[in-house]
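*Asks:* What follows is input-v2.txt; its format and atoms are compact mmCIF, C-alpha atoms and all ligand atoms.
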```txt
# COMPACT_ATOMS: atom_id res chain seq x y z
CA MET A 1 -36.31 3.30 79.03
CA ASP A 2 -38.29 5.12 76.36
CA ILE A 3 -38.85 8.87 76.54
CA LYS A 4 -42.22 8.49 78.28
CA GLU A 5 -40.72 6.34 81.04
CA LEU A 6 -37.79 8.74 81.40
CA ILE A 7 -40.04 11.75 81.85
CA MET A 8 -42.42 9.92 84.18
CA SER A 9 -39.67 8.57 86.42
CA ARG A 10 -37.44 11.67 86.52
CA HIS A 11 -37.13 13.36 89.89
CA SER A 12 -34.49 15.46 91.62
CA VAL A 13 -31.80 13.28 93.20
CA ARG A 14 -30.14 14.61 96.36
CA SER A 15 -28.37 11.44 97.61
CA TYR A 16 -25.58 9.96 95.52
CA LYS A 17 -23.12 7.08 95.40
CA ALA A 18 -19.49 8.05 94.91
CA ASP A 19 -19.07 5.85 91.79
CA PRO A 20 -17.60 7.93 88.96
CA LEU A 21 -19.19 8.42 85.56
CA SER A 22 -17.34 6.67 82.73
CA PRO A 23 -15.90 8.96 80.02
CA GLU A 24 -18.36 7.40 77.51
CA VAL A 25 -21.38 8.21 79.68
CA LEU A 26 -20.14 11.74 80.37
CA SER A 27 -19.60 12.23 76.66
CA ASP A 28 -23.18 11.06 75.91
CA ILE A 29 -24.53 13.54 78.46
CA LEU A 30 -22.54 16.44 77.02
CA GLU A 31 -23.53 15.47 73.49
CA ALA A 32 -27.21 15.65 74.49
CA GLY A 33 -26.61 19.28 75.42
CA ARG A 34 -24.65 20.03 72.28
CA LEU A 35 -27.48 18.78 70.07
CA ALA A 36 -30.17 20.91 71.71
CA PRO A 37 -32.18 23.45 69.74
CA SER A 38 -31.60 27.17 70.31
CA ALA A 39 -33.06 30.43 69.05
CA GLN A 40 -31.50 31.11 65.64
CA ASN A 41 -29.13 28.24 66.43
CA ARG A 42 -26.96 30.59 68.50
CA GLN A 43 -25.89 27.79 70.91
CA PRO A 44 -25.03 30.19 73.75
CA TRP A 45 -24.52 27.38 76.30
CA ARG A 46 -21.13 26.63 77.82
CA PHE A 47 -20.68 23.70 80.23
CA ILE A 48 -18.06 23.49 82.96
CA VAL A 49 -17.43 19.94 84.16
CA ILE A 50 -16.08 19.46 87.67
CA GLN A 51 -15.00 16.03 88.85
CA GLY A 52 -13.19 14.75 91.92
CA THR A 53 -14.00 15.06 95.60
CA ASP A 54 -11.61 17.93 96.38
CA LYS A 55 -12.74 20.15 93.51
CA ILE A 56 -16.43 19.53 94.19
CA LYS A 57 -15.94 20.23 97.88
CA SER A 58 -14.20 23.47 97.01
CA LEU A 59 -17.05 24.34 94.63
CA SER A 60 -19.63 23.73 97.33
CA VAL A 61 -17.93 26.13 99.73
CA ASN A 62 -17.58 28.76 97.03
CA CYS A 63 -21.28 28.99 96.18
CA GLY A 64 -22.01 31.60 98.85
CA LEU A 65 -24.36 31.36 101.82
CA LEU A 66 -27.30 30.43 99.64
CA GLY A 67 -25.28 27.58 98.17
CA LEU A 68 -24.72 25.99 101.58
CA SER A 69 -28.24 24.55 101.42
CA ASN A 70 -27.00 22.41 98.54
CA PHE A 71 -24.07 20.81 100.38
CA PHE A 72 -25.34 17.42 99.16
CA ILE A 73 -23.60 18.07 95.82
CA ARG A 74 -20.40 16.93 97.61
CA GLN A 75 -21.57 13.32 97.44
CA ALA A 76 -21.72 13.35 93.65
CA PRO A 77 -18.73 12.35 91.49
CA CYS A 78 -19.48 15.04 88.92
CA VAL A 79 -21.03 18.51 88.83
CA ILE A 80 -21.80 20.36 85.64
CA ILE A 81 -22.24 24.11 85.65
CA ALA A 82 -24.44 25.37 82.84
CA CYS A 83 -23.41 28.82 81.67
CA ALA A 84 -24.43 30.98 78.75
CA ASP A 85 -22.29 33.33 76.73
CA THR A 86 -24.70 36.27 76.63
CA ARG A 87 -22.92 37.70 73.58
CA ARG A 88 -24.35 34.80 71.58
CA SER A 89 -27.90 35.34 72.75
CA ILE A 90 -30.70 36.55 70.54
CA ARG A 91 -33.28 39.09 71.70
CA ILE A 92 -36.87 38.72 70.48
CA ASN A 93 -39.88 40.58 71.91
CA ASP A 94 -37.71 42.14 74.62
CA GLN A 95 -36.63 38.69 75.74
CA ASP A 96 -33.08 37.38 75.83
CA TYR A 97 -33.21 33.74 74.84
CA TYR A 98 -29.96 32.47 76.34
CA LEU A 99 -31.75 31.27 79.48
CA VAL A 100 -34.30 29.33 77.46
CA ASP A 101 -31.63 27.85 75.18
CA THR A 102 -29.37 26.80 78.04
CA ALA A 103 -32.24 25.35 80.07
CA ILE A 104 -33.36 23.21 77.12
CA ALA A 105 -29.81 21.89 76.67
CA PHE A 106 -29.35 21.18 80.38
CA GLN A 107 -32.64 19.33 80.67
CA GLN A 108 -31.70 17.21 77.62
CA MET A 109 -28.46 16.36 79.40
CA MET A 110 -30.36 15.36 82.54
CA LEU A 111 -32.67 13.08 80.58
CA MET A 112 -29.72 11.49 78.78
CA ALA A 113 -28.07 11.00 82.18
CA LEU A 114 -31.20 9.29 83.45
CA ALA A 115 -31.21 6.98 80.43
CA HIS A 116 -27.83 5.80 81.83
CA GLY A 117 -29.27 5.44 85.35
CA ILE A 118 -27.67 8.69 86.52
CA GLY A 119 -29.54 11.17 88.67
CA SER A 120 -29.27 14.94 88.75
CA CYS A 121 -30.84 17.97 90.41
CA TRP A 122 -31.28 21.47 89.04
CA ILE A 123 -29.63 23.95 91.38
CA ALA A 124 -30.20 27.68 91.27
CA ALA A 125 -29.44 28.45 94.93
CA PHE A 126 -25.91 29.80 94.72
CA SER A 127 -24.22 33.17 94.63
CA GLU A 128 -23.39 33.82 91.00
CA LYS A 129 -20.89 36.49 92.02
CA LYS A 130 -18.96 34.14 94.32
CA LEU A 131 -19.11 31.23 91.91
CA ARG A 132 -17.94 33.34 88.97
CA LYS A 133 -14.98 34.53 91.02
CA TRP A 134 -14.03 30.96 91.96
CA LEU A 135 -14.37 29.77 88.36
CA LYS A 136 -12.49 32.84 87.09
CA ILE A 137 -14.95 33.34 84.25
CA ASP A 138 -15.77 36.45 82.28
CA ASP A 139 -18.86 38.41 83.32
CA LYS A 140 -20.22 37.92 79.79
CA TRP A 141 -20.86 34.37 80.90
CA LYS A 142 -24.09 34.03 82.86
CA ILE A 143 -24.19 31.08 85.26
CA VAL A 144 -27.65 29.66 84.60
CA ALA A 145 -27.69 26.63 86.90
CA LEU A 146 -25.64 23.72 88.06
CA SER A 147 -26.33 20.10 88.77
CA PRO A 148 -24.65 17.13 90.38
CA PHE A 149 -24.58 14.01 88.20
CA GLY A 150 -24.20 10.58 89.79
CA TYR A 151 -25.75 7.23 90.52
CA PRO A 152 -28.53 7.61 93.10
CA ALA A 153 -27.77 6.18 96.56
CA GLU A 154 -29.83 3.16 97.63
CA LYS A 155 -31.52 5.21 100.34
CA ASP A 156 -32.31 8.93 100.40
CA THR A 157 -30.67 10.95 103.17
CA LEU A 158 -32.88 12.69 105.73
CA HIS A 159 -31.92 16.02 104.16
CA ALA A 160 -33.01 14.84 100.70
CA ARG A 161 -36.37 13.69 102.07
CA MET A 162 -36.85 16.97 103.91
CA VAL A 163 -36.05 19.18 100.90
CA SER A 164 -38.30 17.19 98.63
CA GLY A 165 -41.08 17.22 101.24
CA PHE A 166 -40.69 20.96 101.83
CA ALA A 167 -40.96 21.68 98.09
CA ARG A 168 -43.87 19.21 97.83
CA SER A 169 -41.92 17.86 94.91
CA SER A 170 -44.35 15.23 93.75
CA ASN A 171 -47.17 17.78 93.42
CA ARG A 172 -48.11 19.01 89.98
CA LEU A 173 -50.94 21.30 88.97
CA PRO A 174 -53.71 19.52 87.08
CA LEU A 175 -53.89 20.02 83.30
CA GLU A 176 -57.16 21.97 83.67
CA GLN A 177 -55.23 24.63 85.54
CA ILE A 178 -52.32 24.97 83.16
CA VAL A 179 -53.75 24.31 79.70
CA HIS A 180 -56.06 26.74 77.96
CA TYR A 181 -57.68 25.80 74.69
CA PHE A 182 -58.31 28.86 72.53
C1 LIG A 201 -34.53 26.25 88.00
C2 LIG A 201 -34.56 25.28 89.15
C3 LIG A 201 -33.83 25.56 90.29
C4 LIG A 201 -33.79 24.65 91.36
N1 LIG A 201 -32.97 24.89 92.43
C5 LIG A 201 -32.85 23.96 93.39
C6 LIG A 201 -31.90 24.13 94.44
O1 LIG A 201 -31.17 25.12 94.50
N2 LIG A 201 -31.79 23.14 95.37
C7 LIG A 201 -32.54 21.99 95.32
O2 LIG A 201 -32.37 21.13 96.18
N3 LIG A 201 -33.47 21.81 94.34
C8 LIG A 201 -33.64 22.75 93.38
N4 LIG A 201 -34.53 22.55 92.34
C9 LIG A 201 -35.31 21.31 92.28
C10 LIG A 201 -36.79 21.54 92.57
O3 LIG A 201 -36.99 21.69 93.96
C11 LIG A 201 -37.57 20.33 92.04
O4 LIG A 201 -37.39 20.22 90.65
C12 LIG A 201 -39.07 20.43 92.31
O5 LIG A 201 -39.32 20.42 93.70
C13 LIG A 201 -39.83 19.25 91.69
O6 LIG A 201 -39.30 18.04 92.18
P1 LIG A 201 -38.73 16.92 91.21
O7 LIG A 201 -37.62 17.53 90.39
O8 LIG A 201 -38.24 15.84 92.14
O9 LIG A 201 -39.86 16.46 90.34
C14 LIG A 201 -34.59 23.46 91.30
C15 LIG A 201 -35.33 23.20 90.15
C16 LIG A 201 -35.31 24.07 89.08
C17 LIG A 201 -36.08 23.73 87.82
```
In structure tokens, what does this structure look like?

*Replies:*
Amino acid sequence: MDIKELIMSRHSVRSYKADPLSPEVLSDILEAGRLAPSAQNRQPWRFIVIQGTDKIKSLSVNCGLLGLSNFFIRQAPCVIIACADTRRSIRINDQDYYLVDTAIAFQQMMLMALAHGIGSCWIAAFSEKKLRKWLKIDDKWKIVALSPFGYPAEKDTLHARMVSGFARSSNRLPLEQIVHYF
């Protein structure tokens, strides 16, 4: 798939097969994050890789009440938690850029995953406090998002269809509404 096809076909995957990711594929995905651009090349991102049914199940119950809505992550063979070391962030125009930097890296990883036929889903619904406690990480590390990574199941679960329908996921604003020529 070329980049246009990847971007056009990408969508959030909420139903997974249990098949594990090979070490080579996982390495490609992580490398796509490592190579991302960042403000003043500060590279604030830090990625925590969680694999194995028991660990992922434990993660899913340690995401707080909000995180329960994302119980589908249990189906996936791998979850990556995208964090940022805020001490490496740069501040420009009253804006801390670690969120931007880490989001760019994570999206690159998701597109690389898709190039290998692997689906993912951005997840922000979790309790950062609870998750940080479970992970035993320093509070200088901001947990930006997490995502399951795995081969999409043949058929979407009812829950996956409902979430995507509720968010009206295939809707996008028209260019006229989002682009302004100056
Ligand atoms: C920052 C961010 C946070 C999100 N958090 C969640 C989440 O917690 N749970 C979930 O099921 N989807 C989550 N999504 C996925 C969005 O619902 C989805 O991207 C949107 O509906 C568009 O659908 P698509 O990704 O299939 O194109 C999140 C997406 C982004 C970018």

*Asks:* So which residues are near ligand LIG 201 (chain A), meaning at most 10 Å away with all atoms listed in the file counted, given back as an mmCIF file with C-alpha atoms, keeping the file's coordinate frame?

*Replies:*
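Wrote it out as part_13.cif, contents follow:
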```cif
data_model
loop_
_atom_site.group_PDB
_atom_site.id
_atom_site.type_symbol
_atom_site.label_atom_id
_atom_site.label_comp_id
_atom_site.auth_asym_id
_atom_site.auth_seq_id
_atom_site.Cartn_x
_atom_site.Cartn_y
_atom_site.Cartn_z
ATOM 1 C CA ILE A 7 -40.040 11.750 81.850
ATOM 2 C CA MET A 8 -42.420 9.920 84.180
ATOM 3 C CA SER A 9 -39.670 8.570 86.420
ATOM 4 C CA ARG A 10 -37.440 11.670 86.520
ATOM 5 C CA HIS A 11 -37.130 13.360 89.890
ATOM 6 C CA SER A 12 -34.490 15.460 91.620
ATOM 7 C CA VAL A 13 -31.800 13.280 93.200
ATOM 8 C CA ARG A 14 -30.140 14.610 96.360
ATOM 9 C CA LEU A 66 -27.300 30.430 99.640
ATOM 10 C CA GLY A 67 -25.280 27.580 98.170
ATOM 11 C CA LEU A 68 -24.720 25.990 101.580
ATOM 12 C CA SER A 69 -28.240 24.550 101.420
ATOM 13 C CA ASN A 70 -27.000 22.410 98.540
ATOM 14 C CA PHE A 71 -24.070 20.810 100.380
ATOM 15 C CA PHE A 72 -25.340 17.420 99.160
ATOM 16 C CA ILE A 73 -23.600 18.070 95.820
ATOM 17 C CA ALA A 103 -32.240 25.350 80.070
ATOM 18 C CA GLN A 107 -32.640 19.330 80.670
ATOM 19 C CA SER A 120 -29.270 14.940 88.750
ATOM 20 C CA CYS A 121 -30.840 17.970 90.410
ATOM 21 C CA TRP A 122 -31.280 21.470 89.040
ATOM 22 C CA ILE A 123 -29.630 23.950 91.380
ATOM 23 C CA ALA A 124 -30.200 27.680 91.270
ATOM 24 C CA ALA A 125 -29.440 28.450 94.930
ATOM 25 C CA PHE A 126 -25.910 29.800 94.720
ATOM 26 C CA VAL A 144 -27.650 29.660 84.600
ATOM 27 C CA ALA A 145 -27.690 26.630 86.900
ATOM 28 C CA LEU A 146 -25.640 23.720 88.060
ATOM 29 C CA SER A 147 -26.330 20.100 88.770
ATOM 30 C CA HIS A 159 -31.920 16.020 104.160
ATOM 31 C CA ALA A 160 -33.010 14.840 100.700
ATOM 32 C CA MET A 162 -36.850 16.970 103.910
ATOM 33 C CA VAL A 163 -36.050 19.180 100.900
ATOM 34 C CA SER A 164 -38.300 17.190 98.630
ATOM 35 C CA GLY A 165 -41.080 17.220 101.240
ATOM 36 C CA PHE A 166 -40.690 20.960 101.830
ATOM 37 C CA ALA A 167 -40.960 21.680 98.090
ATOM 38 C CA ARG A 168 -43.870 19.210 97.830
ATOM 39 C CA SER A 169 -41.920 17.860 94.910
ATOM 40 C CA SER A 170 -44.350 15.230 93.750
ATOM 41 C CA ASN A 171 -47.170 17.780 93.420
ATOM 42 C CA ARG A 172 -48.110 19.010 89.980
#
```

*Asks:* Is it possible to get the residues within 12 Å of (-37.4, 3.5, 80.7) (coordinates as in the file, counting all atoms listed in the file) written as a PyMOL selection string?

*Replies:* chain A and resi 1-10+111-112+114-117

*Asks:* Would you mind telling me which residue in A:Pro148, A:Asn62, A:Leu135, A:Leu30 lies nearest to Val79 of chain A when using all atoms listed in the file?

*Replies:* A:Pro148

*Asks:* Suppose you want the space between atom CA of Leu35 of chain A and atom CA of Gln108 of chain A; what is it in Å?

*Replies:*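 Spanning atom CA of Leu35 of chain A to atom CA of Gln108 of chain A is a straight-line distance of 8.8 Å.
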
*Asks:* How big is the axis-aligned box around the listed atoms of segment 42-52 of chain A once 4 Å is added on each side, and where is its centre? Give both in Å to one decimal, as JSON.

*Replies:*
```
{"center_x": -20.1, "center_y": 22.7, "center_z": 80.2, "size_x": 21.8, "size_y": 23.8, "size_z": 31.4}
```

*Asks:* Name the residues in contact with Cys78 of chain A at a cut-off of 8 Å, using all atoms listed in the file, excluding same-chain residues fewer than 3 positions from it; report them as a list in words.

*Replies:*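 Close residues of Cys78 of chain A: Pro20, Leu21, Val49, Ile50, Gln51, Gly52, Ile56, Pro148, Phe149 and Gly150 of chain A.
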
*Asks:* By how many Å are atom CA of Ala153 of chain A and atom CA of Pro77 of chain A apart?

*Replies:*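 Straight-line distance from atom CA of Ala153 of chain A to atom CA of Pro77 of chain A works out to 12.1 Å.
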
*Asks:* Just to confirm, what's the straight-line distance from atom CA of Ala105 of chain A to atom CA of Lys133 of chain A in Å (one decimal)?

*Replies:*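 Computing the Euclidean distance for atom CA of Ala105 of chain A and atom CA of Lys133 of chain A yields 24.2 Å.
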
*Asks:* Of the residues A:Arg87, A:Arg74, A:Lys55, A:Lys17, which is the one nearest to Arg42 of chain A, using all atoms listed in the file?

*Replies:*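 Residue with the minimum atom-to-atom distance to Arg42 of chain A: A:Arg87.
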
*Asks:* Under the rule that all atoms listed in the file are counted, which of A:Lys57, A:Arg46, A:Lys155, A:Lys136 is the nearest residue to Tyr16 of chain A?

*Replies:*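 Nearest candidate to Tyr16 of chain A out of A:Lys57, A:Arg46, A:Lys155, A:Lys136: A:Lys155.
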
*Asks:* Looking at A:Leu99, A:Met109, A:Ile80, A:Leu59, which one is nearest to Ala32 of chain A, with distances taken over all atoms listed in the file?

*Replies:*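 Among A:Leu99, A:Met109, A:Ile80, A:Leu59, it is A:Met109 that comes nearest to Ala32 of chain A.
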
*Asks:* Ranking A:Leu26, A:Cys83, A:Val100, A:Ala76 by minimum distance to Tyr151 of chain A and counting only C-alpha atoms, which one comes first?

*Replies:* A:Ala76

*Asks:* Which is closest to Gln95 of chain A among A:Ala39, A:Ala113, A:Ile81, A:Ile137, if we use all atoms listed in the file?

*Replies:* A:Ala39

*Asks:* Assuming the input is short of atoms at segment 47-68 of chain A, produce N, CA and C atoms for that part as a PDB file, keeping the file's coordinate frame.

*Replies:*
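This is the output file out31.pdb:
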```
ATOM      1  N   PHE A  47     -20.571  24.616  79.087  1.00  0.00           N
ATOM      2  CA  PHE A  47     -20.680  23.700  80.230  1.00  0.00           C
ATOM      3  C   PHE A  47     -19.321  23.518  80.899  1.00  0.00           C
ATOM      4  N   ILE A  48     -19.304  23.693  82.199  1.00  0.00           N
ATOM      5  CA  ILE A  48     -18.060  23.490  82.960  1.00  0.00           C
ATOM      6  C   ILE A  48     -18.229  22.202  83.762  1.00  0.00           C
ATOM      7  N   VAL A  49     -17.344  21.244  83.507  1.00  0.00           N
ATOM      8  CA  VAL A  49     -17.430  19.940  84.160  1.00  0.00           C
ATOM      9  C   VAL A  49     -16.434  19.892  85.315  1.00  0.00           C
ATOM     10  N   ILE A  50     -16.944  19.546  86.491  1.00  0.00           N
ATOM     11  CA  ILE A  50     -16.080  19.460  87.670  1.00  0.00           C
ATOM     12  C   ILE A  50     -16.164  18.048  88.228  1.00  0.00           C
ATOM     13  N   GLN A  51     -15.020  17.391  88.342  1.00  0.00           N
ATOM     14  CA  GLN A  51     -15.000  16.030  88.850  1.00  0.00           C
ATOM     15  C   GLN A  51     -13.942  15.901  89.938  1.00  0.00           C
ATOM     16  N   GLY A  52     -14.169  14.974  90.853  1.00  0.00           N
ATOM     17  CA  GLY A  52     -13.190  14.750  91.920  1.00  0.00           C
ATOM     18  C   GLY A  52     -13.643  15.399  93.212  1.00  0.00           C
ATOM     19  N   THR A  53     -13.494  14.642  94.290  1.00  0.00           N
ATOM     20  CA  THR A  53     -14.000  15.060  95.600  1.00  0.00           C
ATOM     21  C   THR A  53     -13.482  16.442  96.027  1.00  0.00           C
ATOM     22  N   ASP A  54     -12.178  16.675  95.869  1.00  0.00           N
ATOM     23  CA  ASP A  54     -11.610  17.930  96.380  1.00  0.00           C
ATOM     24  C   ASP A  54     -12.175  19.140  95.644  1.00  0.00           C
ATOM     25  N   LYS A  55     -12.243  19.025  94.306  1.00  0.00           N
ATOM     26  CA  LYS A  55     -12.740  20.150  93.510  1.00  0.00           C
ATOM     27  C   LYS A  55     -14.211  20.418  93.806  1.00  0.00           C
ATOM     28  N   ILE A  56     -14.995  19.340  93.950  1.00  0.00           N
ATOM     29  CA  ILE A  56     -16.430  19.530  94.190  1.00  0.00           C
ATOM     30  C   ILE A  56     -16.663  20.105  95.592  1.00  0.00           C
ATOM     31  N   LYS A  57     -15.833  19.670  96.530  1.00  0.00           N
ATOM     32  CA  LYS A  57     -15.940  20.230  97.880  1.00  0.00           C
ATOM     33  C   LYS A  57     -15.619  21.730  97.831  1.00  0.00           C
ATOM     34  N   SER A  58     -14.581  22.065  97.123  1.00  0.00           N
ATOM     35  CA  SER A  58     -14.200  23.470  97.010  1.00  0.00           C
ATOM     36  C   SER A  58     -15.323  24.265  96.321  1.00  0.00           C
ATOM     37  N   LEU A  59     -15.913  23.687  95.296  1.00  0.00           N
ATOM     38  CA  LEU A  59     -17.050  24.340  94.630  1.00  0.00           C
ATOM     39  C   LEU A  59     -18.161  24.619  95.632  1.00  0.00           C
ATOM     40  N   SER A  60     -18.481  23.596  96.423  1.00  0.00           N
ATOM     41  CA  SER A  60     -19.630  23.730  97.330  1.00  0.00           C
ATOM     42  C   SER A  60     -19.412  24.820  98.393  1.00  0.00           C
ATOM     43  N   VAL A  61     -18.148  25.060  98.747  1.00  0.00           N
ATOM     44  CA  VAL A  61     -17.930  26.130  99.730  1.00  0.00           C
ATOM     45  C   VAL A  61     -17.726  27.491  99.066  1.00  0.00           C
ATOM     46  N   ASN A  62     -17.733  27.493  97.743  1.00  0.00           N
ATOM     47  CA  ASN A  62     -17.580  28.760  97.030  1.00  0.00           C
ATOM     48  C   ASN A  62     -18.855  29.181  96.305  1.00  0.00           C
ATOM     49  N   CYS A  63     -19.976  28.658  96.783  1.00  0.00           N
ATOM     50  CA  CYS A  63     -21.280  28.990  96.180  1.00  0.00           C
ATOM     51  C   CYS A  63     -22.005  30.051  96.992  1.00  0.00           C
ATOM     52  N   GLY A  64     -21.369  30.584  98.011  1.00  0.00           N
ATOM     53  CA  GLY A  64     -22.010  31.600  98.850  1.00  0.00           C
ATOM     54  C   GLY A  64     -22.920  30.975  99.886  1.00  0.00           C
ATOM     55  N   LEU A  65     -23.488  31.838 100.723  1.00  0.00           N
ATOM     56  CA  LEU A  65     -24.360  31.360 101.820  1.00  0.00           C
ATOM     57  C   LEU A  65     -25.539  30.559 101.301  1.00  0.00           C
ATOM     58  N   LEU A  66     -26.144  31.073 100.238  1.00  0.00           N
ATOM     59  CA  LEU A  66     -27.300  30.430  99.640  1.00  0.00           C
ATOM     60  C   LEU A  66     -26.955  29.000  99.193  1.00  0.00           C
ATOM     61  N   GLY A  67     -25.736  28.860  98.690  1.00  0.00           N
ATOM     62  CA  GLY A  67     -25.280  27.580  98.170  1.00  0.00           C
ATOM     63  C   GLY A  67     -25.082  26.526  99.244  1.00  0.00           C
ATOM     64  N   LEU A  68     -24.952  26.963 100.507  1.00  0.00           N
ATOM     65  CA  LEU A  68     -24.720  25.990 101.580  1.00  0.00           C
ATOM     66  C   LEU A  68     -25.863  25.003 101.714  1.00  0.00           C
TER      67      LEU A  68
END
```
